[in-house]
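Scroll down for the structure; my scribbles are underneath it.
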Amino acid sequence: MDTVFILFDFSYFTLVVLILLAIVTGVIIDTFGELRDQASQKAERLKSQCFMCGLGEGVFSNFDLHVDEEHNLWSYAAYIVYLQELPVVRQTRLEQYVHGKIITGDSSWLPNNQAAVISMSSETEDATNHDVLERIGNLEETMSYLLAEVKLGQGAQQS
Ligand SMILES: [Zn+2]
């Protein structure tokens, strides 16, 4: 009789311990898998988006140049340190403005979904189109004026 109880107790505790162990192991594996997914998503985002402005790789003609020089993270970090080390009396108005934003924790001075390269290229394109249209309009006016002059001249010669 004792042997049956001992066997039952042993198998009961073995089963409970095995189930608990499986639960704990499952939770650990799930958590690590989730962390690994998050880390790979972050790495992918850092590779395909600019850290400073958040614009994607496809927006720029030369993404590496943009990330390495135009929006270099360490240039911004160096500028912040420079502003913190520079005495306020020696700061220019622009430096005072940015320093004030940094002190208050306002990040609106940082590029957010915008880059000077892109806005400049679209502005130049707009300006070029507008310029060309204006020139065409001026040419049409000049041509119609010249045609009218020629017609007037011909009319005067005939009479
Ligand atoms: Zn950028």
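Residue numbers start at 1 in each chain; chains themselves are named A, B, ... in the order of the structure tokens; ligands are numbered from 1 in the order shown.
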Could you list, as a ChimeraX atom specification, all the residues within 10 Å of ligand 1, counting only C-alpha atoms and all ligand atoms?
/A:49-57,59-60,63,65-73,110-118
Resulting file, chosen residues, C-alpha atoms, as a compact mmCIF listing (two decimals), in the first residue's frame:
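Resulting contents of out.txt:
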```txt
# COMPACT_ATOMS: atom_id res chain seq x y z
CA GLN A 49 16.04 55.46 -42.04
CA CYS A 50 17.99 58.53 -41.09
CA PHE A 51 18.35 58.67 -37.30
CA MET A 52 17.99 62.46 -37.19
CA CYS A 53 15.09 63.18 -39.54
CA GLY A 54 13.46 59.76 -39.83
CA LEU A 55 13.19 59.94 -43.61
CA GLY A 56 13.59 56.68 -45.45
CA GLU A 57 16.37 55.50 -47.68
CA VAL A 59 13.82 59.62 -50.46
CA PHE A 60 17.49 60.47 -50.97
CA PHE A 63 21.44 58.01 -48.51
CA LEU A 65 26.08 60.78 -47.84
CA HIS A 66 22.98 62.11 -46.07
CA VAL A 67 23.50 59.94 -42.98
CA ASP A 68 27.30 60.38 -42.86
CA GLU A 69 27.53 64.12 -43.53
CA GLU A 70 24.25 66.05 -43.75
CA HIS A 71 22.50 64.51 -40.75
CA ASN A 72 25.45 63.03 -38.92
CA LEU A 73 24.29 62.04 -35.44
CA LEU A 110 15.99 69.08 -34.79
CA PRO A 111 14.93 68.02 -38.28
CA ASN A 112 11.72 65.99 -38.14
CA ASN A 113 10.68 64.34 -41.40
CA GLN A 114 12.46 67.08 -43.31
CA ALA A 115 15.90 67.59 -44.77
CA ALA A 116 17.34 70.75 -46.26
CA VAL A 117 18.53 68.81 -49.30
CA ILE A 118 15.00 67.72 -50.18
```
Work out how far apart atom CA of A:Arg90 and atom CA of A:Tyr76 are and give it in Å to one decimal.
19.5 Å
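You will find atom CA of A:Val27 at 28.6 Å from atom CA of A:Phe8.
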Which residues in chain A does DSSP call alpha helix (DSSP H)? List them as a ChimeraX atom specification.
/A:2-48,63-65,73-85,93-104,116-158
List the neighbours of A:Tyr97 out to 12 Å using only C-alpha atoms; skip same-chain residues closer than 4 positions along the sequence, and give me the result as a list in words.
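Within the cut-off, the hits are Leu83, Val88, Gln91, Thr92, Arg93, Lys101, Ile102, Ile103, Thr104, Asp106, Ser107, Ser108 and Trp109 of chain A.
Our summary of the geometry notes that atom CA of A:Asn62 is positioned 13.6 Å from atom CA of A:Lys47.
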